[in-house]
$ cat protein.txt   # compact mmCIF, C-alpha atoms
# COMPACT_ATOMS: atom_id res chain seq x y z
CA MET A 1 25.48 3.99 -12.50
CA SER A 2 27.45 4.73 -9.33
CA GLU A 3 28.40 2.21 -6.68
CA VAL A 4 28.12 4.61 -3.75
CA LEU A 5 25.71 2.32 -1.91
CA LYS A 6 27.41 -0.95 -2.85
CA GLY A 7 27.21 -3.52 -0.06
CA GLN A 8 24.32 -1.70 1.58
CA VAL A 9 20.81 -3.04 2.00
CA ALA A 10 17.71 -0.85 1.79
CA LEU A 11 14.33 -1.90 3.13
CA ILE A 12 11.49 0.10 1.58
CA THR A 13 7.86 -0.19 2.60
CA GLY A 14 5.23 0.52 -0.02
CA GLY A 15 8.00 -0.38 -2.46
CA ALA A 16 5.83 -1.85 -5.20
CA ARG A 17 4.40 1.39 -6.52
CA GLY A 18 4.85 5.13 -6.83
CA ILE A 19 7.51 6.82 -4.71
CA GLY A 20 8.52 3.56 -3.02
CA ARG A 21 9.13 1.87 -6.35
CA ALA A 22 11.12 4.83 -7.69
CA THR A 23 13.19 4.80 -4.49
CA ALA A 24 13.89 1.08 -4.74
CA LEU A 25 15.14 1.49 -8.29
CA LYS A 26 17.15 4.62 -7.47
CA LEU A 27 18.98 3.04 -4.55
CA ALA A 28 19.57 -0.13 -6.57
CA GLU A 29 21.03 1.95 -9.41
CA HIS A 30 23.55 3.28 -6.91
CA GLY A 31 24.54 -0.16 -5.69
CA ALA A 32 22.19 -1.11 -2.87
CA ASP A 33 20.48 -4.45 -2.54
CA ILE A 34 16.78 -4.03 -1.94
CA ALA A 35 13.98 -5.50 0.12
CA ILE A 36 10.58 -4.09 -0.68
CA VAL A 37 7.51 -4.53 1.47
CA TYR A 38 4.03 -4.59 -0.06
CA PHE A 39 0.50 -5.01 1.32
CA ASN A 40 -1.86 -5.73 -1.59
CA SER A 41 0.31 -5.12 -4.67
CA SER A 42 1.79 -8.57 -5.27
CA ASP A 43 1.92 -8.25 -9.07
CA GLU A 44 3.62 -4.85 -8.97
CA ALA A 45 6.05 -6.05 -6.29
CA GLU A 46 7.19 -8.93 -8.46
CA LYS A 47 7.83 -6.56 -11.34
CA VAL A 48 9.95 -4.24 -9.20
CA VAL A 49 12.00 -7.22 -8.01
CA ALA A 50 12.63 -8.23 -11.63
CA GLU A 51 13.65 -4.66 -12.54
CA ILE A 52 16.11 -4.49 -9.66
CA GLU A 53 17.57 -7.89 -10.48
CA ALA A 54 18.05 -6.68 -14.06
CA LEU A 55 20.29 -3.96 -12.58
CA GLY A 56 22.45 -6.73 -11.12
CA ARG A 57 21.30 -6.24 -7.52
CA LYS A 58 19.67 -8.60 -5.09
CA ALA A 59 15.98 -7.94 -4.52
CA VAL A 60 13.32 -9.52 -2.36
CA ALA A 61 9.62 -8.66 -1.98
CA MET A 62 7.88 -9.36 1.32
CA GLN A 63 4.25 -8.98 2.25
CA ALA A 64 3.27 -7.27 5.48
CA ASN A 65 0.77 -5.01 7.13
CA VAL A 66 3.11 -2.36 8.54
CA ALA A 67 0.39 -1.16 10.92
CA ASP A 68 0.51 -4.51 12.71
CA HIS A 69 3.56 -5.18 14.87
CA ALA A 70 3.19 -8.97 14.61
CA SER A 71 3.10 -8.72 10.83
CA VAL A 72 6.23 -6.52 10.79
CA LYS A 73 7.97 -9.07 13.03
CA ALA A 74 7.04 -11.91 10.69
CA MET A 75 8.25 -9.86 7.72
CA MET A 76 11.60 -9.24 9.43
CA ALA A 77 11.99 -13.00 9.97
CA VAL A 78 11.68 -13.44 6.20
CA PHE A 79 14.07 -10.54 5.66
CA LYS A 80 16.72 -12.25 7.81
CA GLU A 81 16.59 -15.31 5.57
CA HIS A 82 17.94 -13.13 2.77
CA PHE A 83 19.97 -10.33 4.37
CA SER A 84 21.93 -9.74 7.56
CA GLN A 85 21.81 -5.95 7.86
CA ILE A 86 19.74 -2.86 7.06
CA ASN A 87 21.60 0.31 6.15
CA ILE A 88 18.66 2.26 4.81
CA LEU A 89 15.10 2.01 6.07
CA VAL A 90 12.49 3.92 4.06
CA SER A 91 9.07 4.04 5.70
CA ASN A 92 6.97 5.00 2.73
CA ALA A 93 3.81 2.88 2.88
CA ALA A 94 0.73 4.96 3.57
CA SER A 95 -3.00 4.56 3.50
CA GLY A 96 -5.99 6.53 4.58
CA VAL A 97 -9.59 7.50 4.34
CA LEU A 98 -10.44 10.68 2.49
CA LYS A 99 -13.45 12.29 4.14
CA PRO A 100 -14.21 15.34 6.28
CA ALA A 101 -13.11 14.83 9.89
CA LEU A 102 -16.69 14.99 11.16
CA LYS A 103 -17.64 12.05 8.96
CA MET A 104 -14.83 9.88 10.29
CA SER A 105 -14.88 7.09 12.84
CA THR A 106 -12.46 5.82 15.46
CA LYS A 107 -11.70 2.95 13.12
CA HIS A 108 -10.63 5.44 10.42
CA TRP A 109 -8.44 7.28 12.92
CA ARG A 110 -6.71 4.08 13.92
CA TRP A 111 -6.26 2.99 10.32
CA CYS A 112 -4.57 6.29 9.40
CA MET A 113 -2.50 6.65 12.55
CA GLU A 114 -1.36 3.04 12.70
CA THR A 115 -0.49 2.73 9.00
CA ASN A 116 1.10 6.13 8.58
CA ALA A 117 2.71 6.87 11.95
CA LEU A 118 2.84 3.87 14.27
CA ALA A 119 4.27 1.71 11.45
CA LEU A 120 7.54 3.64 11.67
CA ASN A 121 7.86 2.64 15.31
CA HIS A 122 7.20 -1.03 14.51
CA LEU A 123 9.74 -0.94 11.70
CA VAL A 124 12.46 0.80 13.69
CA THR A 125 11.89 -1.48 16.69
CA GLU A 126 12.43 -4.57 14.56
CA ALA A 127 15.09 -3.16 12.23
CA LYS A 128 17.35 -1.45 14.78
CA PRO A 129 19.25 -4.59 15.84
CA LEU A 130 20.27 -5.02 12.20
CA MET A 131 21.29 -1.41 11.59
CA PRO A 132 25.00 -0.59 11.85
CA ARG A 133 26.33 2.88 12.73
CA GLY A 134 25.91 5.26 9.81
CA SER A 135 22.52 3.82 8.87
CA SER A 136 19.67 6.07 7.88
CA VAL A 137 15.94 5.96 8.47
CA ILE A 138 13.75 8.06 6.21
CA ALA A 139 10.00 8.50 6.64
CA LEU A 140 7.76 9.93 3.93
CA SER A 141 5.38 12.66 4.94
CA SER A 142 3.28 15.15 3.04
CA LEU A 143 2.26 18.79 3.06
CA GLY A 144 -0.90 17.77 4.90
CA ALA A 145 1.10 17.46 8.12
CA ALA A 146 1.16 21.24 8.47
CA ARG A 147 -1.61 22.46 6.16
CA ALA A 148 -5.35 21.91 5.94
CA ILE A 149 -6.26 20.00 2.79
CA PRO A 150 -9.95 19.14 2.23
CA ASN A 151 -10.83 15.54 3.23
CA TYR A 152 -7.28 14.98 4.45
CA ALA A 153 -7.92 15.59 8.16
CA PHE A 154 -6.97 12.19 9.56
CA ILE A 155 -4.14 11.55 7.11
CA GLY A 156 -2.77 15.02 7.82
CA ALA A 157 -2.95 14.31 11.55
CA SER A 158 -1.15 11.01 11.04
CA LYS A 159 1.60 12.71 9.04
CA ALA A 160 2.02 15.35 11.76
CA ALA A 161 2.34 12.51 14.27
CA LEU A 162 4.86 10.82 12.00
CA GLU A 163 7.05 13.93 11.82
CA ALA A 164 6.96 14.31 15.60
CA LEU A 165 7.85 10.64 16.01
CA VAL A 166 10.80 11.09 13.65
CA ARG A 167 12.17 13.87 15.86
CA SER A 168 11.90 11.69 18.96
CA LEU A 169 13.39 8.65 17.27
CA SER A 170 16.29 10.74 16.04
CA ILE A 171 17.23 11.42 19.68
CA GLU A 172 16.73 7.79 20.70
CA LEU A 173 18.77 6.38 17.84
CA ALA A 174 21.55 8.98 17.85
CA GLU A 175 23.73 7.02 20.25
CA ASP A 176 23.62 4.07 17.86
CA GLY A 177 24.76 6.30 15.00
CA ILE A 178 21.45 5.97 13.18
CA ARG A 179 19.96 9.09 11.63
CA VAL A 180 16.20 9.57 11.31
CA ASN A 181 14.65 12.15 9.00
CA THR A 182 11.42 12.90 7.20
CA ILE A 183 11.02 13.86 3.59
CA SER A 184 7.86 15.85 3.04
CA ALA A 185 7.07 15.64 -0.62
CA GLY A 186 4.93 18.04 -2.61
CA VAL A 187 2.03 16.87 -4.75
CA VAL A 188 3.21 13.86 -6.74
CA ASP A 189 0.85 12.33 -9.27
CA THR A 190 0.97 8.68 -8.15
CA ASP A 191 -1.80 6.06 -7.88
CA ALA A 192 -2.51 7.41 -4.39
CA LEU A 193 -3.53 10.79 -5.79
CA LYS A 194 -6.18 9.13 -8.00
CA HIS A 195 -8.23 8.57 -4.83
CA PHE A 196 -8.45 12.31 -4.17
CA PRO A 197 -11.72 13.81 -5.41
CA ASN A 198 -9.87 17.15 -5.68
CA ARG A 199 -6.90 15.67 -7.56
CA GLU A 200 -7.00 18.18 -10.42
CA HIS A 201 -7.23 21.11 -8.01
CA LEU A 202 -4.27 19.87 -5.95
CA LEU A 203 -2.14 19.39 -9.05
CA GLY A 204 -3.12 22.80 -10.41
CA GLU A 205 -2.41 24.56 -7.10
CA TYR A 206 0.92 22.82 -6.86
CA GLU A 207 1.91 23.68 -10.39
CA SER A 208 1.00 27.34 -9.98
CA ARG A 209 3.30 27.76 -6.96
CA SER A 210 6.06 25.27 -7.71
CA LEU A 211 9.32 27.02 -8.53
CA ALA A 212 10.41 24.20 -10.82
CA GLY A 213 7.97 24.83 -13.66
CA ARG A 214 7.24 21.14 -14.04
CA PRO A 215 5.38 18.43 -12.15
CA LEU A 216 7.05 16.68 -9.21
CA THR A 217 7.72 13.02 -10.02
CA PRO A 218 8.35 9.94 -7.88
CA ASP A 219 11.92 10.03 -9.23
CA ASP A 220 12.42 13.53 -7.80
CA VAL A 221 11.43 12.26 -4.36
CA ALA A 222 13.63 9.19 -4.77
CA ASP A 223 16.54 11.53 -5.55
CA GLY A 224 15.98 13.34 -2.25
CA ILE A 225 15.86 10.06 -0.35
CA TYR A 226 19.10 9.02 -2.02
CA LEU A 227 20.77 12.27 -0.92
CA LEU A 228 19.79 11.66 2.70
CA CYS A 229 21.40 8.21 2.52
CA LEU A 230 24.83 9.60 1.65
CA PRO A 231 27.51 9.99 4.32
CA GLU A 232 27.67 13.67 3.39
CA ALA A 233 24.19 14.02 4.90
CA GLY A 234 25.62 12.70 8.19
CA LEU A 235 24.61 15.68 10.30
CA ILE A 236 21.10 16.03 8.93
CA MET A 237 19.20 14.57 11.85
CA GLY A 238 15.59 14.70 13.00
CA GLN A 239 14.62 17.04 10.18
CA THR A 240 11.60 17.36 7.98
CA VAL A 241 13.13 18.08 4.60
CA PHE A 242 10.67 19.62 2.17
CA LEU A 243 11.03 18.25 -1.32
CA ASP A 244 8.41 20.29 -3.07
CA ALA A 245 10.08 22.76 -5.45
CA GLY A 246 9.47 25.55 -2.96
CA TYR A 247 5.71 25.03 -2.61
CA ALA A 248 5.73 25.17 1.21
CA VAL A 249 7.55 28.49 1.35
CA THR A 250 5.79 30.38 -1.44
CA GLY A 251 2.39 31.97 -1.87
CA MET B 1 -11.37 -27.44 -2.72
CA ASN B 2 -14.66 -25.67 -3.37
CA VAL B 3 -16.71 -22.75 -2.14
CA GLU B 4 -18.15 -24.79 0.74
CA THR B 5 -14.79 -26.01 2.00
CA VAL B 6 -13.17 -22.56 2.04
CA PHE B 7 -16.25 -20.88 3.54
CA PRO B 8 -15.53 -21.50 7.26
CA LYS B 9 -12.11 -19.85 7.11
CA VAL B 10 -13.30 -17.02 4.84
CA ARG B 11 -16.21 -16.42 7.22
CA ASP B 12 -13.89 -16.21 10.23
CA ILE B 13 -11.52 -13.82 8.45
CA ILE B 14 -14.37 -11.56 7.34
CA ALA B 15 -15.76 -11.56 10.89
CA ASP B 16 -12.31 -10.72 12.24
CA VAL B 17 -11.71 -7.88 9.75
CA LEU B 18 -15.17 -6.35 10.25
CA VAL B 19 -15.20 -7.02 14.00
CA ILE B 20 -18.51 -8.88 13.89
CA GLU B 21 -19.61 -12.36 14.96
CA SER B 22 -18.86 -15.25 12.61
CA ASP B 23 -22.50 -16.35 12.57
CA GLU B 24 -23.48 -12.99 11.09
CA VAL B 25 -21.41 -13.83 8.02
CA ALA B 26 -23.77 -15.78 5.77
CA MET B 27 -22.61 -17.08 2.40
CA ASP B 28 -24.97 -14.69 0.57
CA ALA B 29 -24.35 -11.64 2.75
CA ARG B 30 -23.24 -8.53 0.85
CA LEU B 31 -20.06 -7.16 2.39
CA ILE B 32 -20.91 -3.47 2.11
CA ALA B 33 -24.71 -3.37 2.42
CA ASP B 34 -25.21 -6.21 4.90
CA LEU B 35 -21.96 -6.40 6.84
CA GLY B 36 -20.91 -2.75 6.80
CA ALA B 37 -17.57 -3.18 5.02
CA GLU B 38 -15.71 -0.10 3.76
CA SER B 39 -12.92 0.31 1.24
CA ILE B 40 -10.15 -0.04 3.84
CA ASP B 41 -11.74 -3.30 5.00
CA PHE B 42 -11.30 -4.77 1.53
CA LEU B 43 -7.56 -3.99 1.69
CA ASP B 44 -7.25 -5.77 5.01
CA LEU B 45 -9.52 -8.63 3.92
CA VAL B 46 -7.49 -9.39 0.80
CA PHE B 47 -4.27 -9.27 2.84
CA GLN B 48 -5.67 -11.72 5.42
CA LEU B 49 -7.03 -14.06 2.74
CA GLU B 50 -3.73 -14.07 0.86
CA LYS B 51 -1.89 -14.98 4.06
CA GLU B 52 -4.35 -17.63 5.22
CA PHE B 53 -4.67 -19.43 1.90
CA SER B 54 -1.13 -18.72 0.60
CA VAL B 55 -2.49 -17.25 -2.63
CA LYS B 56 -1.97 -14.05 -4.56
CA ILE B 57 -4.99 -11.87 -5.23
CA PRO B 58 -3.67 -8.98 -7.33
CA ARG B 59 -5.50 -5.66 -7.08
CA GLY B 60 -8.44 -5.53 -9.46
CA GLN B 61 -8.56 -9.33 -9.78
CA ILE B 62 -12.34 -9.63 -9.43
CA GLU B 63 -12.89 -7.06 -12.17
CA LYS B 64 -10.28 -8.78 -14.33
CA ASN B 65 -11.96 -12.15 -13.82
CA ALA B 66 -15.34 -10.64 -14.69
CA ARG B 67 -13.96 -8.93 -17.79
CA GLY B 68 -12.72 -12.22 -19.20
CA ASN B 69 -11.88 -11.68 -22.85
CA LEU B 70 -13.26 -8.15 -23.00
CA SER B 71 -10.77 -5.31 -23.25
CA GLU B 72 -10.97 -2.56 -20.62
CA ALA B 73 -12.64 -0.28 -23.20
CA GLU B 74 -15.20 -2.97 -24.02
CA PHE B 75 -15.91 -3.45 -20.31
CA GLU B 76 -16.30 0.15 -19.24
CA SER B 77 -16.43 3.56 -20.82
CA GLY B 78 -15.78 6.73 -18.82
CA GLY B 79 -16.20 4.80 -15.57
CA VAL B 80 -19.60 3.38 -16.61
CA LEU B 81 -20.03 -0.31 -17.43
CA THR B 82 -20.95 -1.03 -21.03
CA GLU B 83 -23.80 -3.39 -21.87
CA ALA B 84 -21.28 -6.13 -22.62
CA GLY B 85 -19.41 -5.27 -19.42
CA LEU B 86 -22.55 -5.54 -17.33
CA ALA B 87 -23.43 -8.89 -18.93
CA ALA B 88 -19.91 -10.21 -18.26
CA LEU B 89 -20.06 -9.03 -14.66
CA LYS B 90 -23.47 -10.65 -14.18
CA ALA B 91 -22.19 -13.92 -15.58
CA TYR B 92 -19.09 -13.89 -13.38
CA LEU B 93 -20.88 -12.82 -10.19
CA SER B 94 -23.54 -15.51 -10.64
CA GLU B 95 -24.04 -15.66 -6.86
CA VAL B 96 -25.38 -12.09 -6.84
CA PRO B 97 -29.15 -11.60 -7.42
CA ALA B 98 -29.80 -10.39 -10.99
CA ASP B 99 -31.70 -7.29 -9.88
CA ALA B 100 -28.55 -5.93 -8.25
CA PHE B 101 -27.05 -5.25 -11.68
CA THR B 102 -28.42 -1.94 -12.86
CA PRO B 103 -27.90 -0.43 -16.32
CA ASN B 104 -25.27 2.34 -16.43
CA MET B 105 -23.73 0.99 -13.27
CA LYS B 106 -20.36 2.59 -12.51
CA ALA B 107 -17.22 0.49 -12.33
CA ASN B 108 -16.47 1.85 -8.87
CA GLU B 109 -19.83 0.51 -7.69
CA ILE B 110 -18.85 -3.08 -8.43
CA PRO B 111 -17.66 -3.74 -4.84
CA MET B 112 -21.25 -3.05 -3.67
CA LEU B 113 -22.17 -6.35 -5.31
CA PHE B 114 -19.61 -8.53 -3.56
CA THR B 115 -20.95 -11.22 -1.29
CA VAL B 116 -19.12 -13.60 1.00
CA GLU B 117 -19.40 -16.20 -1.76
CA THR B 118 -17.61 -13.83 -4.17
CA PHE B 119 -14.54 -14.07 -1.96
CA CYS B 120 -14.90 -17.83 -1.51
CA LYS B 121 -14.94 -18.18 -5.30
CA LEU B 122 -11.90 -15.92 -5.58
CA ILE B 123 -9.93 -18.17 -3.23
CA VAL B 124 -10.99 -21.34 -5.05
CA ALA B 125 -9.95 -19.80 -8.39
CA ALA B 126 -6.62 -18.56 -7.01
CA LYS B 127 -5.90 -21.99 -5.53
CA SER B 128 -6.74 -23.87 -8.71
CA SER B 129 -4.60 -21.55 -10.88
CA GLN B 130 -1.77 -22.23 -8.42
CA VAL B 131 -2.11 -25.99 -9.01
CA GLU B 132 -2.07 -25.46 -12.77
CA ALA B 133 1.07 -23.33 -12.48
CA GLU B 134 2.89 -26.05 -10.55
CA PRO B 135 5.60 -27.48 -12.82
CA LEU B 136 5.22 -31.13 -13.75
CA GLY B 137 7.34 -33.50 -11.72
CA ALA B 138 8.11 -30.86 -9.12
$ encode --input "protein.txt" --output "structure tokens"
Amino acid sequence: MSEVLKGQVALITGGARGIGRATALKLAEHGADIAIVYFNSSDEAEKVVAEIEALGRKAVAMQANVADHASVKAMMAVFKEHFSQINILVSNAASGVLKPALKMSTKHWRWCMETNALALNHLVTEAKPLMPRGSSVIALSSLGAARAIPNYAFIGASKAALEALVRSLSIELAEDGIRVNTISAGVVDTDALKHFPNREHLLGEYESRSLAGRPLTPDDVADGIYLLCLPEAGLIMGQTVFLDAGYAVTG
Amino acid sequence: MNVETVFPKVRDIIADVLVIESDEVAMDARLIADLGAESIDFLDLVFQLEKEFSVKIPRGQIEKNARGNLSEAEFESGGVLTEAGLAALKAYLSEVPADAFTPNMKANEIPMLFTVETFCKLIVAAKSSQVEAEPLGA
């Protein structure tokens, strides 16, 4: 267990499950104290907090709807009761409706866009005053931002918006010494994937083109997030980093 | 605290989440069939209820409550409710008309049964378990 991130605080949305949970544990293993944000997963959030505390780090779970600015503000007020700075902000929470675009409503559009893209803006707006120079913001995107995946139309659109927002924020935050990047992960078999009617097909497609010869895990994505947090990644700015064992560039 | 006392707040939250008028939200209204709720609405609804009533409603709580002492395998098999599972669900969701419970019902169809009262009951149960969990003398 390294202490590279000792004294740093990471705030991770969607931190109770899947990639967010793996990231919380990974950053804690390397010394960071952790605040996770959850929406509905109170039980899972409590367990993650206990696991992080068992590593000897401070951990807090906070409930918020990241799509709602007022809720993010209220969450940050709770955060400030426990911590005084944010060195790493991981915008990982995501939600969506899986249906063909022509079966979708304006409400579905707003749900996807606000949860998956606008949330980053709410989080950065509220977190920035607490972020010292050298801090890092990492947003989680997916292959659907640039590819057509059945039933993924609105989520894909929201991820494309997210990646564009990351590029703009990276300019706006550069003068404060805060880096903003996206990690676009390949197909990871988390709870989220269970909602996909074509889950098996997606996993099979991924496996056939992945250069790693094994499934992509939440820990793999957490490893990538960890790398972007290091000072050695200091000039990686505004990028979409593909963490997909080569899937996006093959086939 | 009982179903009647929590109803006004639950009604207002449901109306707010579904963007409908409060007076459309009757105690026996079914969220999906009568009020037009969708899966994302349930996420938001549970979040709002947890905040308003300062309770925790873990994911899958209604199904867990309905299952009671049955194991998951005794409750459902391959996504379809077993006979025992259906009986347990019927007993737990006593506010739902009996003819709504159909044999070979799928577990993912359970939310179709939920009425406004289902959520009122959930709040009452969450509140009362909170009181029980309170340490003596605290």
$ residues_near_point --input "protein.txt" --point "(-5.1, -8.0, -0.1)" --cutoff "9 Å" --atoms "all atoms listed in the file" --output "CSV table (one decimal) with C-alpha atoms, in the coordinates of the input"
chain,number,residue,atom,x,y,z
A,39,PHE,CA,0.5,-5.0,1.3
A,40,ASN,CA,-1.9,-5.7,-1.6
A,41,SER,CA,0.3,-5.1,-4.7
A,42,SER,CA,1.8,-8.6,-5.3
B,42,PHE,CA,-11.3,-4.8,1.5
B,43,LEU,CA,-7.6,-4.0,1.7
B,44,ASP,CA,-7.2,-5.8,5.0
B,45,LEU,CA,-9.5,-8.6,3.9
B,46,VAL,CA,-7.5,-9.4,0.8
B,47,PHE,CA,-4.3,-9.3,2.8
B,48,GLN,CA,-5.7,-11.7,5.4
B,49,LEU,CA,-7.0,-14.1,2.7
B,50,GLU,CA,-3.7,-14.1,0.9
B,51,LYS,CA,-1.9,-15.0,4.1
B,56,LYS,CA,-2.0,-14.0,-4.6
B,57,ILE,CA,-5.0,-11.9,-5.2
B,58,PRO,CA,-3.7,-9.0,-7.3
B,59,ARG,CA,-5.5,-5.7,-7.1
$ residues_around --input "protein.txt" --residues "Val96 in chain B" --least-positions-apart "6" --cutoff "9 Å" --atoms "only C-alpha atoms" --output "ChimeraX atom specification"
/B:28,30,90,113-115,117-118
$ interface_residues --input "protein.txt" --of "chain A" --to "chain B" --cutoff "9 Å" --atoms "all atoms listed in the file" --output "PDB file with C-alpha atoms, in the coordinates of the input"
ATOM      1  CA  PHE A  39       0.500  -5.010   1.320  1.00  0.00           C
ATOM      2  CA  ASN A  40      -1.860  -5.730  -1.590  1.00  0.00           C
ATOM      3  CA  SER A  41       0.310  -5.120  -4.670  1.00  0.00           C
ATOM      4  CA  SER A  42       1.790  -8.570  -5.270  1.00  0.00           C
ATOM      5  CA  ASP A  43       1.920  -8.250  -9.070  1.00  0.00           C
ATOM      6  CA  GLU A  44       3.620  -4.850  -8.970  1.00  0.00           C
ATOM      7  CA  GLN A  63       4.250  -8.980   2.250  1.00  0.00           C
ATOM      8  CA  ALA A  64       3.270  -7.270   5.480  1.00  0.00           C
ATOM      9  CA  ASN A  65       0.770  -5.010   7.130  1.00  0.00           C
ATOM     10  CA  SER A  95      -3.000   4.560   3.500  1.00  0.00           C
ATOM     11  CA  GLY A  96      -5.990   6.530   4.580  1.00  0.00           C
ATOM     12  CA  VAL A  97      -9.590   7.500   4.340  1.00  0.00           C
ATOM     13  CA  HIS A 108     -10.630   5.440  10.420  1.00  0.00           C
ATOM     14  CA  TRP A 111      -6.260   2.990  10.320  1.00  0.00           C
TER      15      TRP A 111
END
$ closest_residue --input "protein.txt" --among "A:Thr190, A:Ser71, A:Asn198, A:Ser84" --to "Leu11 in chain A" --atoms "all atoms listed in the file"
A:Ser84
$ closest_residue --input "protein.txt" --among "B:Leu70, B:Met105, B:Ala88, B:Met27" --to "Phe119 in chain B" --atoms "all atoms listed in the file"
B:Met27
$ residues_around --input "protein.txt" --residues "Asn151 in chain A" --least-positions-apart "6" --cutoff "10 Å" --atoms "only C-alpha atoms" --output "list in words"
Val97, Leu98, Lys99, Pro100, Ala101, Leu102, Lys103, Met104, Phe196, Pro197 and Asn198 of chain A
$ atom_distance --input "protein.txt" --atom1 "CA of Glu3 in chain A" --atom2 "CA of Gly31 in chain A"
4.6 Å
$ atom_distance --input "protein.txt" --atom1 "CA of Asp12 in chain B" --atom2 "CA of Ala29 in chain B"
13.6 Å
$ residues_around --input "protein.txt" --residues "range 134-149 of chain A" --least-positions-apart "3" --cutoff "7 Å" --atoms "only C-alpha atoms" --output "list in words"
Asn87, Ile88, Leu89, Val90, Ser91, Asn92, Met131, Tyr152, Gly156, Ala157, Lys159, Ala160, Gly177, Ile178, Arg179, Val180, Asn181, Thr182, Ile183, Ser184, Ala185, Gly186 and Cys229 of chain A
$ write_last_selection --input "protein.txt" --atoms "C-alpha atoms" --output "tab-separated table (two decimals), in the coordinates of the input"
chain	number	residue	atom	x	y	z
A	87	ASN	CA	21.60	0.31	6.15
A	88	ILE	CA	18.66	2.26	4.81
A	89	LEU	CA	15.10	2.01	6.07
A	90	VAL	CA	12.49	3.92	4.06
A	91	SER	CA	9.07	4.04	5.70
A	92	ASN	CA	6.97	5.00	2.73
A	131	MET	CA	21.29	-1.41	11.59
A	152	TYR	CA	-7.28	14.98	4.45
A	156	GLY	CA	-2.77	15.02	7.82
A	157	ALA	CA	-2.95	14.31	11.55
A	159	LYS	CA	1.60	12.71	9.04
A	160	ALA	CA	2.02	15.35	11.76
A	177	GLY	CA	24.76	6.30	15.00
A	178	ILE	CA	21.45	5.97	13.18
A	179	ARG	CA	19.96	9.09	11.63
A	180	VAL	CA	16.20	9.57	11.31
A	181	ASN	CA	14.65	12.15	9.00
A	182	THR	CA	11.42	12.90	7.20
A	183	ILE	CA	11.02	13.86	3.59
A	184	SER	CA	7.86	15.85	3.04
A	185	ALA	CA	7.07	15.64	-0.62
A	186	GLY	CA	4.93	18.04	-2.61
A	229	CYS	CA	21.40	8.21	2.52
$ residues_around --input "protein.txt" --residues "range 20-26 of chain B" --least-positions-apart "5" --cutoff "8 Å" --atoms "all atoms listed in the file" --output "PDB file with C-alpha atoms, in the frame of the given file"
ATOM      1  CA  ARG B  11     -16.210 -16.420   7.220  1.00  0.00           C
ATOM      2  CA  ASP B  12     -13.890 -16.210  10.230  1.00  0.00           C
ATOM      3  CA  ILE B  14     -14.370 -11.560   7.340  1.00  0.00           C
ATOM      4  CA  ALA B  15     -15.760 -11.560  10.890  1.00  0.00           C
ATOM      5  CA  LEU B  35     -21.960  -6.400   6.840  1.00  0.00           C
ATOM      6  CA  VAL B 116     -19.120 -13.600   1.000  1.00  0.00           C
TER       7      VAL B 116
END
$ axis_aligned_box --input "protein.txt" --around "range 149-153 of chain A" --padding-each-side "6 Å" --output "JSON"
{"center_x": -8.5, "center_y": 17.5, "center_z": 5.2, "size_x": 16.6, "size_y": 17.0, "size_z": 17.9}
$ residues_around --input "protein.txt" --residues "Glu172 in chain A" --least-positions-apart "6" --cutoff "12 Å" --atoms "all atoms listed in the file" --output "list in words"
Asn121, Val124, Thr125, Lys128, Leu165, Val166, Ile178, Arg179, Val180, Met237 and Gly238 of chain A
$ atom_distance --input "protein.txt" --atom1 "CA of Glu53 in chain A" --atom2 "CA of Ala35 in chain A"
11.4 Å
$ closest_residue --input "protein.txt" --among "B:Ala66, B:Ile123, B:Leu18, B:Val6" --to "Asp34 in chain B" --atoms "all atoms listed in the file"
B:Leu18
$ residues_near_point --input "protein.txt" --point "(-14.5, -14.7, -17.2)" --cutoff "9 Å" --atoms "all atoms listed in the file" --output "list in words"
Lys64, Asn65, Ala66, Arg67, Gly68, Asn69, Leu70, Ala88, Leu89, Ala91 and Tyr92 of chain B
